[in-house]
$ cat entry23.cif   # mmCIF, C-alpha atoms
data_final
#
loop_
_atom_site.label_atom_id
_atom_site.label_comp_id
_atom_site.auth_asym_id
_atom_site.auth_seq_id
_atom_site.Cartn_x
_atom_site.Cartn_y
_atom_site.Cartn_z
CA MET F 1 79.05 -81.84 -5.46
CA LYS F 2 81.07 -80.71 -2.45
CA CYS F 3 82.09 -77.09 -1.97
CA GLU F 4 85.77 -77.97 -2.55
CA GLU F 5 84.97 -79.52 -5.91
CA ILE F 6 82.86 -76.54 -6.92
CA GLN F 7 85.63 -74.13 -5.94
CA GLU F 8 88.13 -76.03 -8.05
CA LEU F 9 85.89 -75.46 -11.05
CA LEU F 10 85.51 -71.72 -10.53
CA MET F 11 88.41 -70.65 -12.75
CA ALA F 12 87.15 -72.83 -15.57
CA TYR F 13 83.66 -71.49 -14.94
CA PHE F 14 84.79 -67.87 -15.19
CA SER F 15 86.77 -68.50 -18.34
CA GLY F 16 83.82 -70.26 -19.94
CA GLU F 17 85.57 -73.59 -20.27
CA LEU F 18 83.07 -75.71 -18.40
CA GLY F 19 80.54 -77.65 -20.39
CA ARG F 20 76.92 -76.52 -20.11
CA PRO F 21 75.85 -79.21 -17.58
CA ARG F 22 78.72 -78.52 -15.20
CA ALA F 23 78.37 -74.76 -15.58
CA THR F 24 74.69 -75.09 -14.58
CA LEU F 25 75.73 -77.20 -11.61
CA VAL F 26 78.23 -74.57 -10.45
CA ARG F 27 75.72 -71.73 -10.98
CA GLU F 28 73.08 -73.53 -8.95
CA HIS F 29 75.54 -74.29 -6.17
CA LEU F 30 76.69 -70.67 -6.00
CA ARG F 31 73.10 -69.50 -5.62
CA LYS F 32 72.64 -71.70 -2.59
CA CYS F 33 76.10 -71.58 -0.91
CA PRO F 34 77.32 -68.24 0.54
CA ASP F 35 80.82 -69.64 1.30
CA CYS F 36 81.43 -70.65 -2.29
CA ARG F 37 79.95 -67.36 -3.46
CA SER F 38 82.45 -65.55 -1.28
CA VAL F 39 85.34 -67.56 -2.75
CA ALA F 40 83.99 -66.94 -6.25
CA LEU F 41 83.88 -63.20 -5.60
CA GLU F 42 87.46 -63.24 -4.32
CA ILE F 43 88.64 -65.05 -7.42
CA GLN F 44 86.70 -62.72 -9.67
CA THR F 45 88.15 -59.65 -7.98
CA THR F 46 91.66 -61.09 -8.12
CA LEU F 47 91.23 -61.80 -11.82
CA ALA F 48 89.99 -58.27 -12.42
CA LEU F 49 92.95 -56.79 -10.53
CA LEU F 50 95.43 -58.91 -12.48
CA ARG F 51 93.86 -57.80 -15.75
CA THR F 52 93.99 -54.17 -14.64
CA SER F 53 97.65 -54.57 -13.76
CA ALA F 54 98.25 -55.98 -17.26
CA GLU F 55 96.70 -52.88 -18.80
CA GLY F 56 99.37 -50.82 -17.08
CA GLU F 57 102.15 -52.80 -18.73
CA ARG F 58 102.23 -50.71 -21.88
CA ASN F 59 106.00 -50.52 -21.90
CA LEU F 60 106.44 -54.27 -22.34
CA PRO F 61 108.59 -55.06 -25.39
CA MET F 62 106.76 -56.02 -28.56
CA ARG F 63 109.69 -56.64 -30.90
CA LEU F 64 113.14 -58.13 -30.67
CA THR F 65 115.95 -55.61 -30.94
CA ASP F 66 117.50 -55.21 -34.40
CA ASP F 67 120.79 -56.88 -33.48
CA ARG F 68 119.01 -59.91 -32.03
CA ARG F 69 116.82 -60.15 -35.10
CA ALA F 70 119.89 -59.97 -37.35
CA ARG F 71 121.54 -62.71 -35.31
CA LEU F 72 118.43 -64.88 -35.67
CA ARG F 73 118.26 -64.27 -39.42
CA ARG F 74 121.88 -65.34 -39.77
CA ALA F 75 121.32 -68.43 -37.64
CA PHE F 76 118.30 -69.38 -39.68
CA LEU F 77 119.78 -68.83 -43.15
CA HIS F 78 123.39 -69.85 -42.49
CA PRO F 79 123.48 -72.20 -39.51
CA VAL F 80 127.06 -73.35 -40.11
CA LEU F 81 128.43 -69.82 -40.42
CA ASP F 82 126.49 -68.87 -37.33
CA TRP F 83 127.94 -71.80 -35.41
CA ILE F 84 131.45 -70.70 -36.41
CA TYR F 85 130.70 -67.06 -35.60
CA GLN F 86 129.32 -67.89 -32.18
CA ARG F 87 132.12 -70.27 -31.32
CA HIS F 88 134.93 -68.42 -33.04
CA VAL F 89 137.42 -69.41 -30.34
CA ILE F 90 136.65 -73.13 -30.71
CA ALA F 91 136.52 -72.76 -34.51
CA SER F 92 139.92 -71.01 -34.55
CA LEU F 93 141.43 -73.69 -32.31
CA LEU F 94 140.00 -76.42 -34.54
CA ILE F 95 141.37 -74.80 -37.70
CA ALA F 96 144.78 -74.32 -36.05
CA LEU F 97 144.75 -77.97 -34.92
CA ILE F 98 143.87 -79.20 -38.39
CA ALA F 99 146.59 -77.00 -39.92
CA LEU F 100 149.10 -78.37 -37.40
CA ILE F 101 148.15 -81.97 -38.15
CA VAL F 102 148.45 -81.33 -41.90
CA LEU F 103 151.84 -79.71 -41.39
CA ILE F 104 153.12 -82.58 -39.24
CA CYS F 105 151.88 -85.14 -41.78
CA ARG F 106 153.59 -83.27 -44.60
CA VAL F 107 156.89 -83.03 -42.73
CA CYS F 108 156.78 -86.75 -41.85
CA HIS F 109 155.94 -87.57 -45.44
CA MET F 110 158.84 -85.53 -46.77
CA GLN F 111 161.26 -87.12 -44.30
CA THR F 112 160.13 -90.61 -45.30
CA TRP F 113 160.99 -89.91 -48.94
CA ASN F 114 164.12 -87.90 -48.31
CA LEU F 115 165.97 -90.40 -46.09
CA PRO F 116 166.80 -93.16 -48.66
CA ALA F 117 167.25 -90.63 -51.46
CA GLU F 118 170.32 -89.22 -49.71
CA GLY F 119 172.29 -92.45 -50.17
CA ILE F 120 171.15 -93.48 -53.66
CA THR F 121 172.27 -92.04 -56.92
CA VAL F 122 170.75 -93.91 -59.76
CA THR F 123 172.80 -93.81 -62.92
CA VAL F 124 171.49 -95.43 -66.00
CA GLY F 125 173.65 -96.32 -68.95
CA THR F 126 176.80 -94.32 -68.07
CA GLY F 127 178.87 -97.45 -67.55
CA THR F 128 180.86 -95.90 -64.73
CA PRO F 129 179.58 -96.78 -61.30
CA PRO F 130 179.12 -93.92 -58.82
CA GLU F 131 181.64 -93.37 -56.04
CA THR F 132 179.53 -95.06 -53.46
CA GLY F 133 178.90 -97.98 -55.82
CA PRO F 134 175.78 -100.05 -56.12
CA ALA F 135 177.02 -102.66 -53.69
CA ALA F 136 177.67 -100.04 -51.03
CA VAL F 137 174.03 -98.88 -51.01
CA GLY F 138 172.62 -102.32 -51.50
CA ILE F 139 171.44 -102.06 -55.11
CA ASN F 140 171.56 -105.31 -56.90
CA PRO F 141 173.69 -105.00 -60.08
CA GLN F 142 171.42 -107.56 -61.65
CA SER F 143 168.47 -105.24 -61.28
CA GLU F 144 170.44 -102.41 -62.91
CA LYS F 145 171.22 -104.72 -65.73
CA SER F 146 167.63 -105.68 -66.12
CA VAL F 147 166.67 -101.99 -66.22
CA LEU F 148 169.17 -101.49 -68.97
CA ASN F 149 167.93 -104.54 -70.82
CA ASN F 150 164.40 -103.24 -70.61
CA GLU F 151 165.46 -99.89 -71.95
CA GLU F 152 167.36 -101.52 -74.80
CA ARG F 153 164.35 -103.62 -75.62
CA SER F 154 162.10 -100.59 -75.72
CA HIS F 155 164.56 -98.87 -78.08
CA THR F 156 164.65 -101.83 -80.41
CA ARG F 157 160.87 -101.87 -80.65
CA GLU F 158 160.78 -98.34 -82.01
CA PRO F 159 160.56 -98.19 -85.81
CA MET N 1 121.26 -71.79 -62.47
CA THR N 2 121.20 -69.63 -59.34
CA GLU N 3 117.50 -68.75 -59.60
CA PRO N 4 116.10 -71.78 -57.74
CA ARG N 5 118.64 -71.25 -55.00
CA GLU N 6 117.72 -67.58 -54.71
CA ASN N 7 114.06 -68.54 -54.58
CA SER N 8 114.71 -71.05 -51.86
CA GLN N 9 116.64 -68.41 -49.85
CA ALA N 10 113.77 -65.96 -50.36
CA ASP N 11 111.26 -68.61 -49.23
CA LYS N 12 113.34 -69.38 -46.17
CA LEU N 13 113.59 -65.70 -45.33
CA ALA N 14 109.83 -65.27 -45.73
CA ALA N 15 109.23 -68.28 -43.44
CA PHE N 16 111.62 -66.81 -40.90
CA GLU N 17 109.91 -63.40 -40.96
CA ALA N 18 106.46 -64.99 -40.66
CA VAL N 19 107.37 -67.09 -37.62
CA VAL N 20 109.37 -64.44 -35.79
CA SER N 21 106.82 -61.69 -36.42
CA GLU N 22 103.99 -63.95 -35.30
CA TYR N 23 105.48 -64.98 -31.99
CA GLU N 24 108.10 -62.45 -30.90
CA GLY N 25 105.61 -60.12 -29.17
CA LEU N 26 103.81 -62.93 -27.36
CA LEU N 27 107.02 -64.54 -26.19
CA LEU N 28 108.59 -61.24 -25.16
CA ARG N 29 105.60 -60.29 -23.02
CA TYR N 30 105.39 -63.77 -21.53
CA SER N 31 109.11 -63.91 -20.70
CA ALA N 32 109.15 -60.35 -19.38
CA ARG N 33 106.26 -61.17 -17.04
CA ILE N 34 108.02 -64.26 -15.74
CA LEU N 35 111.46 -62.68 -15.43
CA GLN N 36 110.46 -59.09 -14.64
CA ASP N 37 113.38 -58.01 -16.81
CA GLU N 38 113.02 -56.83 -20.40
CA HIS N 39 116.64 -57.41 -21.43
CA ALA N 40 116.59 -60.90 -20.02
CA ALA N 41 113.32 -61.48 -21.88
CA GLN N 42 115.03 -60.45 -25.14
CA ASP N 43 117.83 -62.97 -24.47
CA VAL N 44 115.35 -65.69 -23.61
CA VAL N 45 113.27 -65.12 -26.75
CA GLN N 46 116.37 -65.07 -28.94
CA GLU N 47 117.49 -68.38 -27.44
CA THR N 48 113.98 -69.79 -27.91
CA PHE N 49 114.00 -68.99 -31.63
CA LEU N 50 117.51 -70.39 -32.01
CA ARG N 51 116.34 -73.67 -30.48
CA LEU N 52 113.36 -73.62 -32.81
CA PHE N 53 115.62 -73.31 -35.88
CA ARG N 54 117.83 -76.15 -34.65
CA ASN N 55 115.14 -78.57 -33.56
CA TRP N 56 111.92 -77.96 -35.48
CA LYS N 57 111.51 -80.80 -37.96
CA GLU N 58 108.07 -80.02 -39.36
CA PRO N 59 107.07 -77.42 -42.00
CA PHE N 60 108.31 -74.07 -40.85
CA LYS N 61 105.13 -72.05 -40.54
CA PRO N 62 103.11 -70.72 -37.62
CA CYS N 63 100.69 -73.24 -36.11
CA SER N 64 99.25 -74.01 -32.69
CA LYS N 65 101.73 -76.83 -32.16
CA MET N 66 104.60 -74.48 -32.83
CA ALA N 67 103.09 -71.90 -30.45
CA SER N 68 102.86 -74.44 -27.62
CA TRP N 69 106.40 -75.61 -28.34
CA LEU N 70 107.68 -72.03 -28.26
CA TYR N 71 105.96 -71.22 -24.96
CA ARG N 72 107.39 -74.38 -23.41
CA VAL N 73 110.91 -73.66 -24.63
CA ALA N 74 110.66 -70.00 -23.60
CA HIS N 75 109.65 -71.12 -20.15
CA ASN N 76 112.56 -73.55 -19.94
CA CYS N 77 114.95 -70.85 -21.12
CA ALA N 78 113.53 -68.47 -18.52
CA VAL N 79 114.01 -71.08 -15.80
CA ASP N 80 117.60 -71.65 -16.97
CA TYR N 81 118.17 -67.91 -16.91
CA LEU N 82 116.79 -67.60 -13.38
CA ARG N 83 118.97 -70.50 -12.21
CA ARG N 84 122.07 -68.91 -13.72
CA GLN N 85 121.16 -65.61 -12.12
CA ALA N 86 120.59 -67.31 -8.78
CA ASN N 87 123.99 -68.96 -8.93
CA ARG N 88 125.70 -65.76 -10.05
CA GLU N 89 124.05 -63.44 -7.61
CA ILE N 90 123.72 -65.64 -4.59
CA ALA N 91 125.66 -63.16 -2.54
CA HIS N 92 123.37 -60.34 -3.64
CA VAL N 93 120.32 -62.43 -2.76
CA ARG N 94 121.69 -63.11 0.69
CA HIS N 95 122.37 -59.44 1.12
CA ALA N 96 118.86 -58.57 -0.01
CA GLN N 97 117.37 -61.09 2.40
CA GLU N 98 119.28 -59.54 5.24
CA GLN N 99 117.77 -56.15 4.45
CA PRO N 100 114.22 -55.67 5.68
CA GLU N 101 111.81 -55.31 2.80
CA ALA N 102 110.61 -51.75 2.37
CA VAL N 103 106.87 -51.97 2.76
CA PRO N 104 104.91 -48.78 2.25
CA PRO N 105 102.78 -48.03 5.28
CA HIS N 106 99.15 -48.96 5.02
CA ARG N 107 97.23 -45.74 4.84
CA GLY N 108 93.95 -47.24 5.91
CA GLY N 109 90.73 -47.31 3.91
CA GLU N 110 90.29 -48.96 0.50
CA PRO N 111 93.22 -48.78 -1.88
CA SER N 112 92.64 -47.20 -5.28
CA ILE N 113 92.12 -49.53 -8.26
CA SER N 114 95.60 -48.97 -9.68
CA GLU N 115 97.17 -49.42 -6.27
CA ALA N 116 95.30 -52.67 -5.77
CA ALA N 117 96.27 -53.80 -9.27
CA GLU N 118 99.89 -53.06 -8.49
CA LYS N 119 99.59 -55.17 -5.37
CA ALA N 120 98.09 -57.94 -7.45
CA ALA N 121 101.10 -57.82 -9.76
CA GLN N 122 103.42 -57.92 -6.75
CA ALA N 123 101.49 -60.81 -5.23
CA LEU N 124 101.90 -62.69 -8.49
CA GLN N 125 105.67 -62.46 -8.12
CA LYS N 126 105.42 -64.16 -4.74
CA LEU N 127 103.98 -67.33 -6.24
CA SER N 128 106.20 -70.23 -7.21
CA LEU N 129 107.50 -70.20 -10.77
CA ARG N 130 105.06 -72.89 -11.87
CA GLU N 131 102.08 -71.16 -10.30
CA ARG N 132 103.15 -67.86 -11.83
CA GLN N 133 103.45 -69.51 -15.22
CA LEU N 134 99.96 -70.96 -14.87
CA VAL N 135 98.39 -67.64 -13.92
CA ILE N 136 100.25 -65.74 -16.65
CA LEU N 137 99.21 -68.25 -19.29
CA LYS N 138 95.60 -68.25 -18.16
CA VAL N 139 94.97 -64.64 -17.23
CA TYR N 140 97.35 -62.65 -19.42
CA GLU N 141 97.88 -64.93 -22.40
CA GLU N 142 94.26 -66.18 -22.23
CA LYS N 143 95.20 -69.74 -23.07
CA SER N 144 92.69 -72.54 -22.70
CA TYR N 145 93.24 -75.34 -20.18
CA LYS N 146 94.12 -77.66 -23.06
CA GLU N 147 96.75 -75.27 -24.43
CA ILE N 148 98.21 -74.78 -20.96
CA SER N 149 98.36 -78.52 -20.46
CA GLU N 150 100.28 -78.86 -23.76
CA ILE N 151 102.69 -76.07 -22.85
CA MET N 152 103.35 -77.29 -19.33
CA GLY N 153 103.14 -81.02 -19.95
CA LEU N 154 100.39 -81.48 -17.37
CA SER N 155 96.98 -83.08 -17.58
CA VAL N 156 94.01 -80.76 -18.06
CA SER N 157 92.56 -81.67 -14.65
CA ASN N 158 95.91 -81.02 -13.02
CA VAL N 159 96.04 -77.59 -14.66
CA GLY N 160 92.60 -76.83 -13.22
CA TYR N 161 93.60 -77.88 -9.73
CA LEU N 162 96.95 -76.06 -9.72
CA LEU N 163 95.37 -72.91 -11.11
CA HIS N 164 92.74 -73.03 -8.39
CA VAL N 165 95.45 -73.34 -5.74
CA ALA N 166 97.43 -70.46 -7.29
CA MET N 167 94.38 -68.20 -7.40
CA LYS N 168 93.54 -68.96 -3.79
CA LYS N 169 97.08 -68.07 -2.77
CA LEU N 170 96.86 -64.84 -4.73
CA ALA N 171 93.55 -63.95 -3.15
CA ALA N 172 94.93 -64.67 0.32
CA GLU N 173 97.99 -62.51 -0.37
CA LEU N 174 95.79 -59.69 -1.64
CA LYS N 175 93.62 -59.94 1.45
CA ARG N 176 96.71 -59.73 3.61
CA SER N 177 97.84 -56.59 1.79
CA HIS N 178 94.33 -55.11 2.04
CA ALA N 179 93.99 -54.99 -1.75
CA LEU N 180 91.01 -57.30 -1.65
CA PRO N 181 87.91 -56.14 0.20
CA ALA N 182 86.73 -58.54 2.87
CA CYS N 183 83.97 -60.56 1.25
CA THR N 184 80.83 -61.02 3.25
CA GLY N 185 79.61 -63.81 1.05
CA ALA N 186 76.44 -62.49 -0.50
CA PRO N 187 77.26 -60.60 -3.66
CA GLU N 188 74.18 -60.38 -5.79
CA SER N 189 75.78 -58.67 -8.79
CA GLU N 190 78.58 -61.19 -9.23
CA HIS N 191 79.33 -62.17 -12.81
CA GLU N 192 76.60 -63.87 -14.82
CA MET N 193 76.56 -66.65 -12.26
#

$ encode --input "entry23.cif" --output "structure tokens"
Amino acid sequence: MKCEEIQELLMAYFSGELGRPRATLVREHLRKCPDCRSVALEIQTTLALLRTSAEGERNLPMRLTDDRRARLRRAFLHPVLDWIYQRHVIASLLIALIALIVLICRVCHMQTWNLPAEGITVTVGTGTPPETGPAAVGINPQSEKSVLNNEERSHTREP
Amino acid sequence: MTEPRENSQADKLAAFEAVVSEYEGLLLRYSARILQDEHAAQDVVQETFLRLFRNWKEPFKPCSKMASWLYRVAHNCAVDYLRRQANREIAHVRHAQEQPEAVPPHRGGEPSISEAAEKAAQALQKLSLRERQLVILKVYEEKSYKEISEIMGLSVSNVGYLLHVAMKKLAAELKRSHALPACTGAPESEHEM
């Protein structure tokens, strides 16, 4: 194996991840080659320094802060509520939009039913036509008659 | 009627506690090492867990697959954070680049162990993000090549090569800063070679 190839294996060699045959190969090469031995020593020293620097990092955080943990718990247990909570502006706008649409629909609906009702006064069985008169609002007198007939029939059926 | 529901909530809470307790420390240390900022690391880890809750489809309990997934997502979140910071503070960065870096004068002789270790930590920050991630995963987190390849989405041989390059760069940087003694090439006591 060439020196370059051996040097590429050094990290794996030091971390014990090379198989036995390749580890033997690297060991043998290092015994014979001073250049590769020098590179190996550099890598070993660098590794040792990095590990020493890690030992000094005692103040690294080990736990999430309480508020972040609470936020995570909420997100995990109640994802929908959390979505709303996190996007309260969008959620408020959505709710307002839905309320507006419902309101508009209701107003339109009421107007649709109120418009013809203004002109029609349905009188059943009084005999006197209203002031506007059925002809004036386009109600067929025949239909009124038939309504009356139906009513009469229903009365006659009663015991 | 409400008992099964309460049980299911209790189970969910237990699963949550198990996963968060298992990985929060690891992810916080990893993110803090990459970002060099503890508060940012807290944000990154929170976001990582949120993504886990939203996207994890398998049984919710600690496993090696989940660990790899979490490291990968934490790294992506850290990269996103650094990008946002870079965009936000571009003016500050320019300003900092204009200022000459304050380098303590070299006092001559061999540096003490802690001083050399500090230089090693500083040299690590000079590597590219990917190289830094590799070294952190290998040296600090003590992950195997296979685990690193899963976390980073690289082949095992590629991990080996990139790690070798990163370590050479680190060694060169340490030599430049006199933290690494000049090697003469014939160490007899080296490792169990």

$ closest_residue --input "entry23.cif" --among "N:Tyr145, N:Leu82, N:Phe16, N:Val73" --to "Ser157 in chain N" --atoms "only C-alpha atoms"
N:Tyr145

$ resolve_selection --input "entry23.cif" --expression "the PyMOL selection byres ((chain F and resi 17-32) around 9)" --output "CSV table (one decimal) with C-alpha atoms, in the coordinates of the input"
chain,number,residue,atom,x,y,z
F,1,MET,CA,79.0,-81.8,-5.5
F,3,CYS,CA,82.1,-77.1,-2.0
F,6,ILE,CA,82.9,-76.5,-6.9
F,7,GLN,CA,85.6,-74.1,-5.9
F,9,LEU,CA,85.9,-75.5,-11.0
F,10,LEU,CA,85.5,-71.7,-10.5
F,11,MET,CA,88.4,-70.6,-12.8
F,12,ALA,CA,87.2,-72.8,-15.6
F,13,TYR,CA,83.7,-71.5,-14.9
F,14,PHE,CA,84.8,-67.9,-15.2
F,15,SER,CA,86.8,-68.5,-18.3
F,16,GLY,CA,83.8,-70.3,-19.9
F,33,CYS,CA,76.1,-71.6,-0.9
F,34,PRO,CA,77.3,-68.2,0.5
F,35,ASP,CA,80.8,-69.6,1.3
F,36,CYS,CA,81.4,-70.6,-2.3
F,37,ARG,CA,80.0,-67.4,-3.5
F,40,ALA,CA,84.0,-66.9,-6.2
N,144,SER,CA,92.7,-72.5,-22.7
N,145,TYR,CA,93.2,-75.3,-20.2
N,192,GLU,CA,76.6,-63.9,-14.8
N,193,MET,CA,76.6,-66.6,-12.3

$ atom_distance --input "entry23.cif" --atom1 "CA of Ala32 in chain N" --atom2 "CA of Leu124 in chain N"
13.3 Å

$ atom_distance --input "entry23.cif" --atom1 "CA of Glu118 in chain N" --atom2 "CA of Ser53 in chain F"
5.9 Å

$ residues_around --input "entry23.cif" --residues "Thr65 in chain F" --least-positions-apart "5" --cutoff "10 Å" --atoms "only C-alpha atoms" --output "list in words"
Ala70 of chain F; His39, Gln42, Asp43 and Gln46 of chain N

$ closest_residue --input "entry23.cif" --among "F:Gln86, F:Arg51, F:Ala91, F:Val80" --to "chain N" --atoms "all atoms listed in the file"
F:Arg51

$ closest_residue --input "entry23.cif" --among "N:Leu50, N:Ala74, N:Val156, N:Ile148" --to "chain F" --atoms "all atoms listed in the file"
N:Leu50

$ atom_distance --input "entry23.cif" --atom1 "CA of Ser149 in chain N" --atom2 "CA of Leu134 in chain N"
9.5 Å

$ residues_around --input "entry23.cif" --residues "Tyr81 in chain N" --least-positions-apart "5" --cutoff "9 Å" --atoms "all atoms listed in the file" --output "PyMOL selection string"
chain N and resi 35+40+44+76+86

$ residues_around --input "entry23.cif" --residues "Ala121 in chain N" --least-positions-apart "3" --cutoff "12 Å" --atoms "only C-alpha atoms" --output "PDB file with C-alpha atoms, in the coordinates of the input"
ATOM      1  CA  THR F  46      91.660 -61.090  -8.120  1.00  0.00           C
ATOM      2  CA  LEU F  47      91.230 -61.800 -11.820  1.00  0.00           C
ATOM      3  CA  ALA F  48      89.990 -58.270 -12.420  1.00  0.00           C
ATOM      4  CA  LEU F  49      92.950 -56.790 -10.530  1.00  0.00           C
ATOM      5  CA  LEU F  50      95.430 -58.910 -12.480  1.00  0.00           C
ATOM      6  CA  ARG F  51      93.860 -57.800 -15.750  1.00  0.00           C
ATOM      7  CA  THR F  52      93.990 -54.170 -14.640  1.00  0.00           C
ATOM      8  CA  SER F  53      97.650 -54.570 -13.760  1.00  0.00           C
ATOM      9  CA  ALA F  54      98.250 -55.980 -17.260  1.00  0.00           C
ATOM     10  CA  GLU F  55      96.700 -52.880 -18.800  1.00  0.00           C
ATOM     11  CA  GLY F  56      99.370 -50.820 -17.080  1.00  0.00           C
ATOM     12  CA  GLU F  57     102.150 -52.800 -18.730  1.00  0.00           C
TER      13      GLU F  57
ATOM     14  CA  ARG N  33     106.260 -61.170 -17.040  1.00  0.00           C
ATOM     15  CA  ILE N  34     108.020 -64.260 -15.740  1.00  0.00           C
ATOM     16  CA  GLN N  36     110.460 -59.090 -14.640  1.00  0.00           C
ATOM     17  CA  SER N 114      95.600 -48.970  -9.680  1.00  0.00           C
ATOM     18  CA  GLU N 115      97.170 -49.420  -6.270  1.00  0.00           C
ATOM     19  CA  ALA N 116      95.300 -52.670  -5.770  1.00  0.00           C
ATOM     20  CA  ALA N 117      96.270 -53.800  -9.270  1.00  0.00           C
ATOM     21  CA  GLU N 118      99.890 -53.060  -8.490  1.00  0.00           C
ATOM     22  CA  LEU N 124     101.900 -62.690  -8.490  1.00  0.00           C
ATOM     23  CA  GLN N 125     105.670 -62.460  -8.120  1.00  0.00           C
ATOM     24  CA  LYS N 126     105.420 -64.160  -4.740  1.00  0.00           C
ATOM     25  CA  LEU N 127     103.980 -67.330  -6.240  1.00  0.00           C
ATOM     26  CA  ARG N 132     103.150 -67.860 -11.830  1.00  0.00           C
ATOM     27  CA  VAL N 135      98.390 -67.640 -13.920  1.00  0.00           C
ATOM     28  CA  ILE N 136     100.250 -65.740 -16.650  1.00  0.00           C
ATOM     29  CA  VAL N 139      94.970 -64.640 -17.230  1.00  0.00           C
ATOM     30  CA  TYR N 140      97.350 -62.650 -19.420  1.00  0.00           C
ATOM     31  CA  LEU N 170      96.860 -64.840  -4.730  1.00  0.00           C
ATOM     32  CA  ALA N 171      93.550 -63.950  -3.150  1.00  0.00           C
ATOM     33  CA  GLU N 173      97.990 -62.510  -0.370  1.00  0.00           C
ATOM     34  CA  LEU N 174      95.790 -59.690  -1.640  1.00  0.00           C
ATOM     35  CA  ALA N 179      93.990 -54.990  -1.750  1.00  0.00           C
TER      36      ALA N 179
END
